[in-house]
Every structure is written in C-alpha cells, then in structure tokens.
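*Asks:* Sharing protein.txt here; it has compact mmCIF, C-alpha atoms and all ligand atoms.
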# COMPACT_ATOMS: atom_id res chain seq x y z
CA MET W 1 0.00 0.00 0.00
CA ALA W 2 1.35 3.40 -0.96
CA ILE W 3 1.83 6.13 1.61
CA GLU W 4 -0.60 8.96 0.88
CA PHE W 5 -0.68 12.59 1.94
CA PRO W 6 -3.90 13.91 3.50
CA ASP W 7 -3.77 16.89 1.08
CA PRO W 8 -1.36 18.66 -1.32
CA LEU W 9 -0.12 21.04 1.38
CA TRP W 10 0.97 18.17 3.61
CA ARG W 11 2.86 16.90 0.58
CA LYS W 12 4.56 20.28 0.24
CA VAL W 13 5.66 20.13 3.90
CA PHE W 14 7.32 16.78 3.27
CA GLU W 15 8.87 17.95 -0.02
CA GLN W 16 10.54 20.70 1.99
CA ALA W 17 11.69 18.18 4.59
CA TRP W 18 13.12 15.89 1.95
CA GLU W 19 14.92 18.76 0.22
CA SER W 20 16.39 19.66 3.58
CA TYR W 21 17.56 16.09 4.13
CA THR W 22 19.13 15.71 0.69
CA THR W 23 20.96 19.04 1.02
CA GLY W 24 22.56 18.04 4.32
CA GLY W 25 20.06 19.73 6.66
CA TRP W 26 18.08 18.15 9.47
CA GLY W 27 15.24 16.95 7.24
CA VAL W 28 12.46 19.14 8.60
CA GLY W 29 9.99 21.12 6.47
CA ALA W 30 7.21 23.61 7.24
CA VAL W 31 4.58 25.82 5.62
CA VAL W 32 2.54 28.79 6.84
CA LEU W 33 -1.14 28.93 5.86
CA ASP W 34 -3.87 31.50 6.35
CA ALA W 35 -7.22 30.67 7.94
CA GLU W 36 -8.59 29.54 4.55
CA GLY W 37 -5.69 27.17 3.99
CA ARG W 38 -3.87 29.34 1.41
CA LEU W 39 -0.10 29.05 1.32
CA LEU W 40 1.68 32.11 2.76
CA GLY W 41 5.20 30.74 2.99
CA GLU W 42 7.27 27.58 2.99
CA GLY W 43 10.62 26.74 4.50
CA ARG W 44 13.02 24.01 5.38
CA ASN W 45 15.88 23.41 7.72
CA ARG W 46 18.91 24.95 5.96
CA SER W 47 21.58 24.24 8.56
CA ALA W 48 24.00 22.95 5.91
CA ASP W 49 23.19 25.41 3.11
CA THR W 50 26.19 27.38 1.84
CA GLU W 51 24.36 29.93 -0.31
CA ALA W 52 22.43 32.86 1.12
CA ALA W 53 18.72 33.08 0.32
CA LEU W 54 16.48 36.10 0.79
CA ARG W 55 14.59 36.12 4.12
CA GLN W 56 16.07 32.73 5.04
CA LEU W 57 18.43 31.64 7.78
CA THR W 58 21.13 29.51 6.14
CA GLY W 59 24.26 27.69 7.24
CA THR W 60 23.62 27.94 10.98
CA PRO W 61 22.24 25.50 13.55
CA LEU W 62 19.45 28.08 14.04
CA ALA W 63 18.20 27.68 10.44
CA HIS W 64 15.09 25.77 11.47
CA ALA W 65 12.22 25.01 9.09
CA GLU W 66 9.48 26.82 11.00
CA LEU W 67 11.59 29.98 11.34
CA ASN W 68 12.30 29.96 7.62
CA ALA W 69 8.67 29.34 6.72
CA LEU W 70 7.57 32.23 8.96
CA ALA W 71 10.28 34.46 7.51
CA ALA W 72 9.24 33.55 3.97
CA ALA W 73 5.62 34.41 4.80
CA GLY W 74 6.72 38.02 5.32
CA ASP W 75 5.97 40.66 7.91
CA ASP W 76 2.22 41.03 7.40
CA LEU W 77 0.78 37.81 8.68
CA PRO W 78 -3.01 37.75 9.07
CA THR W 79 -4.13 38.75 12.57
CA ALA W 80 -6.22 35.62 13.06
CA GLY W 81 -6.25 32.01 12.08
CA THR W 82 -2.67 31.57 10.86
CA VAL W 83 -1.52 27.95 10.77
CA VAL W 84 2.03 26.56 10.84
CA ARG W 85 2.24 23.05 9.50
CA THR W 86 5.49 21.20 10.10
CA THR W 87 6.86 17.69 9.76
CA LEU W 88 8.19 17.63 13.33
CA GLU W 89 6.78 18.95 16.60
CA PRO W 90 8.34 22.40 17.12
CA CYS W 91 11.39 22.86 19.34
CA ALA W 92 11.63 25.63 21.96
CA LEU W 93 13.20 28.03 19.46
CA CYS W 94 10.48 27.60 16.85
CA ALA W 95 7.65 27.38 19.38
CA SER W 96 8.65 30.78 20.75
CA ALA W 97 8.82 32.29 17.24
CA ILE W 98 5.40 30.82 16.47
CA ALA W 99 3.96 32.41 19.63
CA LEU W 100 5.61 35.77 18.83
CA ARG W 101 4.01 35.76 15.36
CA ARG W 102 0.63 35.04 16.98
CA VAL W 103 0.07 31.85 15.00
CA ALA W 104 -3.27 30.33 16.01
CA ARG W 105 -2.58 26.68 15.34
CA VAL W 106 0.34 24.31 14.85
CA GLU W 107 -0.13 21.03 13.02
CA PHE W 108 2.76 18.58 13.15
CA ALA W 109 3.14 15.16 11.57
CA GLY W 110 5.63 13.52 13.93
CA ALA W 111 6.24 14.01 17.63
CA ASP W 112 9.66 15.05 18.85
CA PRO W 113 10.42 13.14 22.05
CA LEU W 114 13.11 15.68 22.91
CA TRP W 115 10.72 18.64 22.89
CA HIS W 116 7.40 17.03 23.62
CA GLY W 117 5.74 18.62 26.67
CA LEU W 118 6.75 22.23 25.89
CA TYR W 119 3.07 23.10 25.91
CA ALA W 120 2.94 22.40 29.63
CA THR W 121 5.91 24.61 30.50
CA HIS W 122 4.97 27.66 28.43
CA ARG W 123 1.58 27.88 30.08
CA THR W 124 3.26 29.19 33.22
CA HIS W 125 4.29 32.46 31.52
CA PRO W 126 1.29 34.83 31.23
CA LEU W 127 2.13 36.40 27.85
CA LEU W 128 3.19 33.15 26.22
CA ALA W 129 0.20 31.32 27.70
CA GLN W 130 -2.07 33.91 26.08
CA ARG W 131 -0.40 33.59 22.69
CA TRP W 132 0.27 29.86 22.76
CA PRO W 133 -1.29 28.25 19.69
CA ALA W 134 -3.47 25.18 19.65
CA GLN W 135 -1.27 22.20 18.78
CA VAL W 136 -2.50 19.29 16.74
CA GLY W 137 -0.41 16.20 16.22
CA PRO W 138 1.18 13.81 15.72
CA LEU W 139 -0.64 12.23 12.77
CA THR W 140 -2.17 8.86 13.68
CA ASP W 141 -4.10 6.06 11.98
CA ASP W 142 -3.70 6.52 8.20
CA GLY W 143 -1.20 9.32 8.87
CA ALA W 144 1.03 7.20 11.13
CA PRO W 145 3.54 6.38 8.32
CA LEU W 146 4.02 10.12 7.76
CA ALA W 147 4.64 10.51 11.50
CA VAL W 148 7.30 7.80 11.22
CA LEU W 149 8.93 9.51 8.22
CA ALA W 150 8.82 12.87 9.99
CA GLU W 151 10.67 11.41 12.97
CA ALA W 152 13.05 9.27 10.92
CA LEU W 153 14.46 12.03 8.71
CA PRO W 154 16.01 14.22 11.45
CA LEU W 155 17.16 11.12 13.29
CA SER W 156 18.81 9.81 10.07
CA ALA W 157 20.43 13.19 9.48
CA TYR W 158 21.78 13.10 13.01
CA LEU W 159 23.09 9.55 12.63
CA ARG W 160 24.67 10.40 9.27
CA THR W 161 26.56 13.42 10.54
CA ARG W 162 27.16 12.71 14.23
CA GLY W 163 26.69 8.99 14.76
CA ARG W 164 25.15 7.29 17.75
CA GLY W 165 25.72 8.12 21.39
CA ALA W 166 23.97 11.47 21.69
CA ALA W 167 21.04 11.95 24.08
CA SER W 168 18.48 11.86 21.27
CA THR W 169 19.70 8.60 19.75
CA GLN W 170 19.95 6.98 23.18
CA ALA W 171 16.36 8.00 23.91
CA TYR W 172 15.27 6.34 20.67
CA ALA W 173 17.31 3.23 21.44
CA THR W 174 15.27 2.84 24.63
CA HIS W 175 11.81 3.91 23.53
CA SER W 176 11.65 3.35 19.76
CA PRO W 177 14.34 0.87 18.70
CA ALA W 178 12.46 0.06 15.47
CA LEU W 179 12.39 3.73 14.52
CA LEU W 180 16.08 4.04 15.30
CA GLY W 181 16.73 0.99 13.08
CA LEU W 182 14.80 2.57 10.19
CA ALA W 183 16.65 5.87 10.62
CA GLN W 184 20.01 4.08 10.69
CA ALA W 185 19.15 2.14 7.50
CA ILE W 186 18.21 5.35 5.68
CA ALA W 187 21.36 7.03 6.99
CA ASP W 188 23.50 4.15 5.70
CA ASP W 189 21.98 4.31 2.21
CA ASP W 190 23.79 7.05 0.29
CA ALA W 191 21.71 6.25 -2.81
CA VAL W 192 18.61 7.80 -1.19
CA LEU W 193 20.21 11.22 -1.62
CA ASP W 194 19.57 11.00 -5.37
CA LEU W 195 15.88 10.13 -5.00
CA ASP W 196 12.94 12.50 -5.13
CA LEU W 197 10.21 12.24 -2.51
CA ASP W 198 8.04 9.86 -4.57
CA ALA W 199 10.99 7.56 -5.26
CA LEU W 200 11.90 7.59 -1.57
CA LEU W 201 8.35 6.58 -0.62
CA ALA W 202 8.34 3.86 -3.28
CA ALA W 203 11.66 2.44 -2.08
CA TRP W 204 11.10 2.75 1.69
CA GLY W 205 7.28 2.79 1.98
CA ASP W 206 6.91 -0.80 3.22
CA ARG W 207 9.61 -0.42 5.85
CA ILE W 208 8.11 2.90 7.00
CA GLU W 209 4.63 1.37 7.25
CA GLU W 210 5.95 -1.50 9.37
CA THR W 211 7.38 0.94 11.92
CA GLN W 212 5.46 2.52 14.79
CA PRO W 213 5.83 6.22 15.68
CA THR W 214 7.30 7.05 19.09
CA ARG W 215 4.96 6.35 21.95
CA LEU W 216 4.79 9.58 23.91
CA ARG W 217 4.77 10.05 27.64
CA PRO W 218 2.21 12.51 29.01
CA SER W 219 3.02 15.67 30.92
CA VAL W 220 0.89 17.48 33.52
CA ILE W 221 -0.63 20.97 33.50
CA GLN W 222 -2.61 22.72 36.23
CA VAL W 223 -5.98 23.94 34.96
CA GLY W 224 -7.91 26.87 36.44
CA ALA W 225 -11.17 28.80 36.08
CA ASP W 226 -10.23 30.11 32.61
CA ASP W 227 -9.83 26.51 31.45
CA TRP W 228 -13.42 25.70 32.42
CA GLU W 229 -14.38 24.40 28.96
CA ARG W 230 -11.41 22.04 28.93
CA VAL W 231 -12.23 20.89 32.48
CA ARG W 232 -15.87 20.38 31.53
CA ASP W 233 -15.03 18.34 28.43
CA VAL W 234 -12.69 16.02 30.32
CA ARG W 235 -15.12 15.64 33.21
CA ILE W 236 -17.95 14.70 30.85
CA ALA W 237 -15.70 12.28 28.97
CA SER W 238 -14.70 10.62 32.26
CA LEU W 239 -18.29 10.31 33.49
CA ALA W 240 -19.35 8.85 30.15
CA GLU W 241 -16.46 6.38 30.02
CA SER W 242 -16.44 5.23 33.67
CA PRO W 243 -19.91 5.90 35.12
CA GLN W 244 -19.38 3.30 37.86
CA ALA W 245 -16.28 5.07 39.22
CA PHE W 246 -17.83 8.42 40.08
CA GLY W 247 -20.55 9.73 42.36
CA SER W 248 -22.20 11.87 39.68
CA THR W 249 -23.50 11.53 36.14
CA VAL W 250 -23.11 13.02 32.67
CA ALA W 251 -26.69 14.28 32.90
CA GLN W 252 -25.83 16.27 36.04
CA ALA W 253 -22.62 17.67 34.55
CA LEU W 254 -24.45 18.82 31.41
CA THR W 255 -26.70 21.07 33.54
CA PHE W 256 -23.72 23.10 34.85
CA ASP W 257 -23.25 26.56 33.32
CA GLU W 258 -19.96 28.41 32.89
CA GLN W 259 -20.15 29.99 36.34
CA ARG W 260 -20.65 26.64 38.00
CA TRP W 261 -17.51 25.27 36.32
CA ARG W 262 -15.57 28.39 37.27
CA ASP W 263 -16.75 28.11 40.89
CA ARG W 264 -15.49 24.54 41.08
CA ALA W 265 -12.02 25.78 40.19
CA GLU W 266 -12.09 28.18 43.18
CA THR W 267 -12.54 25.46 45.78
CA ALA W 268 -10.15 22.82 44.48
CA THR W 269 -7.06 22.37 42.35
CA THR W 270 -7.25 20.29 39.18
CA TRP W 271 -4.46 18.98 36.98
CA HIS W 272 -4.71 17.41 33.53
CA ALA W 273 -2.40 14.89 31.94
CA VAL W 274 -1.72 16.07 28.38
CA LEU W 275 -0.32 14.50 25.24
CA GLY W 276 0.65 17.37 22.96
CA ASP W 277 -2.04 19.74 24.18
CA ARG W 278 -4.80 17.14 24.31
CA SER W 279 -6.08 16.43 27.81
CA VAL W 280 -6.07 12.68 28.43
CA GLY W 281 -6.52 12.55 32.20
CA SER W 282 -7.54 14.52 35.24
CA ILE W 283 -7.20 14.66 39.03
CA THR W 284 -8.60 17.08 41.61
CA LEU W 285 -7.26 17.87 45.10
CA ARG W 286 -9.48 19.54 47.71
CA ALA W 287 -8.50 20.52 51.26
CA ASP W 288 -10.77 18.96 53.89
CA PRO W 289 -12.31 21.94 55.75
CA ASP W 290 -13.01 19.75 58.80
CA ALA W 291 -9.59 18.10 59.17
CA ALA W 292 -6.54 20.36 59.21
CA GLY W 293 -3.67 18.98 57.15
CA THR W 294 -5.87 16.55 55.20
CA ALA W 295 -6.81 16.80 51.52
CA GLU W 296 -8.93 14.53 49.36
CA ILE W 297 -8.24 13.37 45.82
CA THR W 298 -11.32 13.10 43.59
CA GLY W 299 -12.20 12.84 39.92
CA MET W 300 -9.17 10.73 39.00
CA TRP W 301 -9.44 9.50 35.42
CA VAL W 302 -7.22 8.55 32.47
CA ASP W 303 -8.55 8.23 28.93
CA PRO W 304 -8.43 4.52 27.96
CA GLN W 305 -6.53 5.44 24.75
CA ALA W 306 -3.76 6.96 26.87
CA ARG W 307 -3.47 4.26 29.52
CA GLY W 308 -0.23 2.37 30.04
CA ARG W 309 1.93 5.48 29.66
CA GLY W 310 2.24 6.43 33.32
CA ALA W 311 -0.38 9.21 33.26
CA GLY W 312 -2.22 7.92 36.35
CA ALA W 313 0.84 7.77 38.60
CA LEU W 314 2.02 11.12 37.25
CA LEU W 315 -1.30 12.74 38.20
CA VAL W 316 -1.38 11.19 41.69
CA ASP W 317 2.24 12.12 42.37
CA THR W 318 1.60 15.69 41.19
CA ALA W 319 -1.38 16.13 43.53
CA VAL W 320 0.44 14.57 46.51
CA ALA W 321 3.54 16.73 45.91
CA ALA W 322 1.41 19.88 45.73
CA TRP W 323 -0.23 19.07 49.07
CA ARG W 324 3.13 18.32 50.65
CA ARG W 325 4.43 21.73 49.51
CA LEU W 326 1.49 23.28 51.39
CA ALA W 327 2.66 21.44 54.53
CA GLY W 328 -0.20 18.97 54.25
CA ARG W 329 0.19 15.78 56.25
CA ARG W 330 -2.34 13.37 54.80
CA VAL W 331 -4.08 12.67 51.48
CA VAL W 332 -7.17 10.47 51.32
CA LEU W 333 -9.29 9.11 48.49
CA TRP W 334 -12.15 6.71 47.97
CA VAL W 335 -12.09 3.85 45.50
CA VAL W 336 -14.92 1.52 44.50
CA GLN W 337 -14.46 -1.94 46.00
CA GLY W 338 -13.38 -4.37 43.30
CA ASN W 339 -11.71 -1.72 41.09
CA GLU W 340 -8.39 -3.57 41.15
CA ALA W 341 -6.69 -1.42 38.50
CA ALA W 342 -7.32 1.82 40.42
CA THR W 343 -6.49 0.25 43.80
CA GLY W 344 -3.22 -1.12 42.42
CA LEU W 345 -2.25 2.27 41.04
CA TYR W 346 -2.93 4.00 44.37
CA GLU W 347 -0.98 1.33 46.28
CA ARG W 348 1.98 1.81 43.94
CA CYS W 349 1.72 5.53 44.75
CA GLY W 350 1.99 4.79 48.49
CA PHE W 351 -1.67 4.69 49.54
CA ARG W 352 -2.98 2.14 52.07
CA ALA W 353 -6.51 1.16 53.11
CA THR W 354 -7.66 2.78 56.36
CA GLY W 355 -10.40 0.19 56.92
CA ARG W 356 -13.16 2.78 56.56
CA THR W 357 -15.88 1.92 54.05
CA GLU W 358 -19.02 3.64 52.81
CA LEU W 359 -22.11 2.14 51.23
CA GLU W 360 -23.42 4.35 48.42
CA ASP W 361 -27.12 4.76 47.54
CA ASP W 362 -26.67 2.62 44.42
CA GLY W 363 -25.21 -0.27 46.40
CA ARG W 364 -21.53 0.31 45.61
CA VAL W 365 -19.08 -0.06 48.47
CA GLU W 366 -16.25 2.49 48.57
CA LEU W 367 -13.01 1.96 50.44
CA GLU W 368 -10.98 4.77 51.95
CA LEU W 369 -7.24 4.85 51.19
CA GLU W 370 -4.74 7.25 52.71
CA ARG W 371 -1.18 8.31 52.29
CA LEU W 372 0.63 9.94 55.20
CA LEU W 373 3.24 12.54 54.18
ZN ZN O 1 12.92 24.35 15.65
As structure tokens, how would this structure be written, given the file I've shared?
*Replies:*
Amino acid sequence: MAIEFPDPLWRKVFEQAWESYTTGGWGVGAVVLDAEGRLLGEGRNRSADTEAALRQLTGTPLAHAELNALAAAGDDLPTAGTVVRTTLEPCALCASAIALRRVARVEFAGADPLWHGLYATHRTHPLLAQRWPAQVGPLTDDGAPLAVLAEALPLSAYLRTRGRGAASTQAYATHSPALLGLAQAIADDDAVLDLDLDALLAAWGDRIEETQPTRLRPSVIQVGADDWERVRDVRIASLAESPQAFGSTVAQALTFDEQRWRDRAETATTWHAVLGDRSVGSITLRADPDAAGTAEITGMWVDPQARGRGAGALLVDTAVAAWRRLAGRRVVLWVVQGNEAATGLYERCGFRATGRTELEDDGRVELELERLL
C-alpha cells in the first residue's frame, strides 16, 4: 500500500523536509497557511546550506524550518487564524517564534520526544500562555507512516553526521528501537540522496509502514477557572467512560453553566495529563475543611486510549507533591471496592486502606485509602 498525503499542502511540507535532508540539513519542512488554507510561505531546515537566500536563515544551527517558513511568509501575517504546518513537533526556538508571530494553530506530523511537553511549561508564563497556539499532532491512523517519516528524517540526518551516542539517539534506542533501526538504515543508504520524494516513498514505503511512531509520555498541567471548557469536556468524557467510578453523572454535569464550572475551580485544584495539548486525564485535590492537614483526591481519570503510559501515577504524584508543599500531612481518596486497577495504582503511589468503608445509595461499596506525608 502506498503512503498517501492527507492533502497537497501536507505533501509540500514533506517535499521541503526531503529537500532539507538531501541538502545536508536536518530533514524538517514547514509551511505557513492563512485561515482559509492558502499558502503564505514555505521553509526548510537549511543548517548545511552554503548559499544565502532572501529572508532565510542559512548555514547555521538556528536555520530551522518553521523559522524559515515564517520568515518567507513576510511581515504582514493575518491577525487571526494563521496555521504553521510542520513535519516535526516544534522545538523551543520555533515554538517561541510561532507564539511571537501570533500563529493560532500548529499542526505537526511527527512528535519530537526531545521537545514534547513544551506546551505544559509555556503555560506558566502569562504572555506566552495567552499567545500559545493550539497544537494538533502527531498524525495517527492513516497518517502514522508520515509521522514515522517525519521522525526518521532528522534522526537519520543526526546519525549520518554525528553517529550514535547522543542523548536523542539513546532516547530512541530505549523507547523506539524500530524507529532508530529505520533511521540508521536510511542514513547508511547514500543512494537515497539522489531520490525525489516519490521515489523515496516507493523504495522505503513498506519499511516505514511497518514501523510505529514514538509512543509519547504525558506531561501534567494545572488547569484553572479560565480553562473551564477544557475541564468540563474532560469531566464529561470521564463520566461517560467510567460511570461506575464516580458519584455523579453526565446528565448532572451537562446542567452546569460556565459559572458553575468556574466556581469549582475556586474550591479545588485540578491537573490534567496532556499528550501534545490534548487532555487525556484529570485529578482534583481539595483541602478537607473539617480536618486540618488533610486533603482529598477526587475525579481521578485517564482516557483509555492513553493508559499504560504512566499518566495515572504522574497525576497522583503531582497532587500529593502539591499538598506536601502546602505542609499537608495526609491525602485520602475513595475507591470503589473491586476496582483492582485503580487500587493497584494507588498502592503503587503509596496509599494504604484505612479500613473505613461507605455504602453508596446505588449499592456500591467504597473503600478509603490514605497516604501519610
Ligand atoms: Zn525548531
């Protein structure tokens, strides 16, 4: 089966990436689009270029694809709806440039394990948080082979010029050995440098399609009153997916208005686990007004599609650490009897049963667990 591009502009992004690779660059390409999807500029990594080009960074490690695409798009970007499309998840340098140019949305084909999670850190700066674009990626399902190619090209370029042993290649050796093997094979094949993009896909398509993109680890962000829509959407998804685990229902949550969601944020602290900028899990910590030094964890949930990546333990550890920083001494939570997966997770996070139980109206028995700090 041939690898296909979702549309001609995605093809252009990869043509730029391939031109970068074959000219000795890092193999990353990008385009800038307006809100209607019209092309405003295109660029590629030009770290190895020796000839100057107008409005392009060339021959420097800073000559990244997104910077060059933004520079090519000129000074008068539209004030709303600008999109940067790139083969690889933006690095800190490009992410900052994208925020400065007030780009509304970033679409990337392949995740970059080195830079994944930037979204969570930039939210802590007020100006950047305000300008931070929506991020969409990596490509999955039918687009997964393009995600593999997007990751493999920079990795191949790195292997070709610097060899193994660097932090990035070691990370791939641990987490994505198949992808590292593909990248090494492309790096070892000097004949690929004479191919055009179609010939590359014809020659390497099967091998690319056999390879899985990097499996990402989630990061954690704190969400507040201004994130009420995000909090609402995750809460409703959790109630719909695990109705037996919670003491309320989707029907109840749907009756809440904006103010009600904002009020909830005032009385408790909520964190989300995120992949890219997609929320895939949630946890809430609330101080117990009747027991000094005690807080309760509620609303713990991880999207089934994101399970097995450590999101649950990350959320629990984040909430416990936050309470410890506030000089809290004890964290409690309630888990439905028989929910072995949740109980096991909490036990791995240091929680133990107190022996207290509660019988709910619907007949469920809940067990209290605690962790002393
Ligand atoms: Zn970059």
*Asks:* With distances taken over all atoms listed in the file, which of W:Ala97, W:Leu88, W:Val231, W:Val220 is nearest to Asp112 (chain W)?
*Replies:* W:Leu88
*Asks:* CA of Pro61 (chain W) and CA of Asp49 (chain W) are how many Å apart?
*Replies:*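 The value is 10.5 Å.
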*Asks:* With a cut-off of 12 Å, could you pull out the residues of chain W touching ligand ZN 1 (chain O) and give me the nearest pair of atoms for each, distance in Å to one decimal, using all atoms listed in the file, ordered by chain and ascending number, as JSON lines?
*Replies:*
{"residue": "W:Trp26", "atom": "CA", "partner": "O:ZN1", "partner_atom": "ZN", "distance": 10.2}
{"residue": "W:Gly27", "atom": "CA", "partner": "O:ZN1", "partner_atom": "ZN", "distance": 11.4}
{"residue": "W:Val28", "atom": "CA", "partner": "O:ZN1", "partner_atom": "ZN", "distance": 8.8}
{"residue": "W:Gly29", "atom": "CA", "partner": "O:ZN1", "partner_atom": "ZN", "distance": 10.2}
{"residue": "W:Ala30", "atom": "CA", "partner": "O:ZN1", "partner_atom": "ZN", "distance": 10.2}
{"residue": "W:Gly43", "atom": "CA", "partner": "O:ZN1", "partner_atom": "ZN", "distance": 11.6}
{"residue": "W:Arg44", "atom": "CA", "partner": "O:ZN1", "partner_atom": "ZN", "distance": 10.3}
{"residue": "W:Asn45", "atom": "CA", "partner": "O:ZN1", "partner_atom": "ZN", "distance": 8.5}
{"residue": "W:Arg46", "atom": "CA", "partner": "O:ZN1", "partner_atom": "ZN", "distance": 11.4}
{"residue": "W:Ser47", "atom": "CA", "partner": "O:ZN1", "partner_atom": "ZN", "distance": 11.2}
{"residue": "W:Pro61", "atom": "CA", "partner": "O:ZN1", "partner_atom": "ZN", "distance": 9.6}
{"residue": "W:Leu62", "atom": "CA", "partner": "O:ZN1", "partner_atom": "ZN", "distance": 7.7}
{"residue": "W:Ala63", "atom": "CA", "partner": "O:ZN1", "partner_atom": "ZN", "distance": 8.1}
{"residue": "W:His64", "atom": "CA", "partner": "O:ZN1", "partner_atom": "ZN", "distance": 4.9}
{"residue": "W:Ala65", "atom": "CA", "partner": "O:ZN1", "partner_atom": "ZN", "distance": 6.6}
{"residue": "W:Glu66", "atom": "CA", "partner": "O:ZN1", "partner_atom": "ZN", "distance": 6.3}
{"residue": "W:Leu67", "atom": "CA", "partner": "O:ZN1", "partner_atom": "ZN", "distance": 7.2}
{"residue": "W:Asn68", "atom": "CA", "partner": "O:ZN1", "partner_atom": "ZN", "distance": 9.8}
{"residue": "W:Ala69", "atom": "CA", "partner": "O:ZN1", "partner_atom": "ZN", "distance": 11.1}
{"residue": "W:Leu70", "atom": "CA", "partner": "O:ZN1", "partner_atom": "ZN", "distance": 11.6}
{"residue": "W:Thr86", "atom": "CA", "partner": "O:ZN1", "partner_atom": "ZN", "distance": 9.8}
{"residue": "W:Thr87", "atom": "CA", "partner": "O:ZN1", "partner_atom": "ZN", "distance": 10.8}
{"residue": "W:Leu88", "atom": "CA", "partner": "O:ZN1", "partner_atom": "ZN", "distance": 8.5}
{"residue": "W:Glu89", "atom": "CA", "partner": "O:ZN1", "partner_atom": "ZN", "distance": 8.2}
{"residue": "W:Pro90", "atom": "CA", "partner": "O:ZN1", "partner_atom": "ZN", "distance": 5.2}
{"residue": "W:Cys91", "atom": "CA", "partner": "O:ZN1", "partner_atom": "ZN", "distance": 4.3}
{"residue": "W:Ala92", "atom": "CA", "partner": "O:ZN1", "partner_atom": "ZN", "distance": 6.6}
{"residue": "W:Leu93", "atom": "CA", "partner": "O:ZN1", "partner_atom": "ZN", "distance": 5.3}
{"residue": "W:Cys94", "atom": "CA", "partner": "O:ZN1", "partner_atom": "ZN", "distance": 4.2}
{"residue": "W:Ala95", "atom": "CA", "partner": "O:ZN1", "partner_atom": "ZN", "distance": 7.1}
{"residue": "W:Ser96", "atom": "CA", "partner": "O:ZN1", "partner_atom": "ZN", "distance": 9.3}
{"residue": "W:Ala97", "atom": "CA", "partner": "O:ZN1", "partner_atom": "ZN", "distance": 9.1}
{"residue": "W:Ile98", "atom": "CA", "partner": "O:ZN1", "partner_atom": "ZN", "distance": 10.0}
{"residue": "W:Phe108", "atom": "CA", "partner": "O:ZN1", "partner_atom": "ZN", "distance": 11.9}
{"residue": "W:Asp112", "atom": "CA", "partner": "O:ZN1", "partner_atom": "ZN", "distance": 10.4}
{"residue": "W:Leu114", "atom": "CA", "partner": "O:ZN1", "partner_atom": "ZN", "distance": 11.3}
{"residue": "W:Trp115", "atom": "CA", "partner": "O:ZN1", "partner_atom": "ZN", "distance": 9.5}
{"residue": "W:Pro154", "atom": "CA", "partner": "O:ZN1", "partner_atom": "ZN", "distance": 11.4}
*Asks:* Restricted to C-alpha atoms, what would the selected residues look like written as a short mmCIF file (atom, residue, chain, number, x, y, z; two decimals), in the frame of the given file?
*Replies:*
data_model
loop_
_atom_site.label_atom_id
_atom_site.label_comp_id
_atom_site.auth_asym_id
_atom_site.auth_seq_id
_atom_site.Cartn_x
_atom_site.Cartn_y
_atom_site.Cartn_z
CA TRP W 26 18.08 18.15 9.47
CA GLY W 27 15.24 16.95 7.24
CA VAL W 28 12.46 19.14 8.60
CA GLY W 29 9.99 21.12 6.47
CA ALA W 30 7.21 23.61 7.24
CA GLY W 43 10.62 26.74 4.50
CA ARG W 44 13.02 24.01 5.38
CA ASN W 45 15.88 23.41 7.72
CA ARG W 46 18.91 24.95 5.96
CA SER W 47 21.58 24.24 8.56
CA PRO W 61 22.24 25.50 13.55
CA LEU W 62 19.45 28.08 14.04
CA ALA W 63 18.20 27.68 10.44
CA HIS W 64 15.09 25.77 11.47
CA ALA W 65 12.22 25.01 9.09
CA GLU W 66 9.48 26.82 11.00
CA LEU W 67 11.59 29.98 11.34
CA ASN W 68 12.30 29.96 7.62
CA ALA W 69 8.67 29.34 6.72
CA LEU W 70 7.57 32.23 8.96
CA THR W 86 5.49 21.20 10.10
CA THR W 87 6.86 17.69 9.76
CA LEU W 88 8.19 17.63 13.33
CA GLU W 89 6.78 18.95 16.60
CA PRO W 90 8.34 22.40 17.12
CA CYS W 91 11.39 22.86 19.34
CA ALA W 92 11.63 25.63 21.96
CA LEU W 93 13.20 28.03 19.46
CA CYS W 94 10.48 27.60 16.85
CA ALA W 95 7.65 27.38 19.38
CA SER W 96 8.65 30.78 20.75
CA ALA W 97 8.82 32.29 17.24
CA ILE W 98 5.40 30.82 16.47
CA PHE W 108 2.76 18.58 13.15
CA ASP W 112 9.66 15.05 18.85
CA LEU W 114 13.11 15.68 22.91
CA TRP W 115 10.72 18.64 22.89
CA PRO W 154 16.01 14.22 11.45
#
*Asks:* May I have the residues within 10 Å of region 328-343 of chain W as a PyMOL selection string, using all atoms listed in the file and disregarding those fewer than 3 positions away in the same chain?
*Replies:* chain W and resi 244-246+285-288+291-301+312+319-325+346-349+351-354+356-360+364-373
*Asks:* Counting only C-alpha atoms, figure out which residue out of W:Arg217, W:Arg123, W:Arg160, W:Arg207 gets nearest to Thr22 (chain W).
*Replies:*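 Under the stated criterion, the closest residue is W:Arg160.
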*Asks:* Using all atoms listed in the file, which residues sit within 12 Å of Gly308 (chain W) once same-chain residues fewer than 5 positions away are excluded, as a PyMOL selection string?
*Replies:* chain W and resi 215-218+280+302-303+313-314+341+345
*Asks:* Report, in Å with one decimal, the straight-line distance from CA of Ser168 (chain W) to CA of Leu182 (chain W).
*Replies:*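 That distance, rounded to one decimal, is 14.9 Å.
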*Asks:* Nearest residue to Glu151 (chain W) out of W:Ala17, W:Gln170, W:Thr255, W:Asp34, using all atoms listed in the file?
*Replies:*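 With all atoms listed in the file as the atom set, the closest residue is W:Ala17.
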*Asks:* What is the distance between CA of Gly281 (chain W) and CA of Tyr172 (chain W), in Å to one decimal?
*Replies:* 25.4 Å
*Asks:* When you look at Pro133 (chain W) with a cut-off of 7 Å (counting only C-alpha atoms), what residues show up, excluding the ones that are within fewer than 5 positions of it in the same chain? I need them as a CSV table (one decimal) with C-alpha atoms, keeping the file's coordinate frame.
*Replies:*
chain,number,residue,atom,x,y,z
W,99,ALA,CA,4.0,32.4,19.6
W,103,VAL,CA,0.1,31.8,15.0
W,104,ALA,CA,-3.3,30.3,16.0
W,105,ARG,CA,-2.6,26.7,15.3
W,106,VAL,CA,0.3,24.3,14.8
*Asks:* Could you check which of W:Asp362, W:Gln135, W:Glu258, W:Ala237 is closest to Pro304 (chain W), using all atoms listed in the file?
*Replies:*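 Closest candidate: W:Ala237.
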*Asks:* Of the candidates W:Tyr119, W:Phe256, W:Trp204, W:Trp261, which shows the shortest atom-to-atom distance to Gln222 (chain W), using all atoms listed in the file?
*Replies:*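 Of W:Tyr119, W:Phe256, W:Trp204, W:Trp261, the one nearest Gln222 (chain W) is W:Tyr119, counting all atoms listed in the file.
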*Asks:* Would you list the residues near (-13.2, 25.6, 30.5), meaning any protein, DNA or RNA residue with an atom at most 12 Å from that point in file coordinates, counting only C-alpha atoms, as number ranges by chain?
*Replies:* W: 223-236, 256-265, 270, 279
*Asks:* Rank nothing, just name the residue among W:Leu155, W:Leu57, W:Leu146, W:Pro113 nearest to Glu209 (chain W), using all atoms listed in the file.
*Replies:* W:Leu146
*Asks:* Fewer than 2 positions away in the same chain doesn't count, so skip those; otherwise give me all residues within 12 Å of Asp194 (chain W), counting all atoms listed in the file, as a ChimeraX atom specification.
*Replies:* /W:18-19,21-23,189-192,196-200
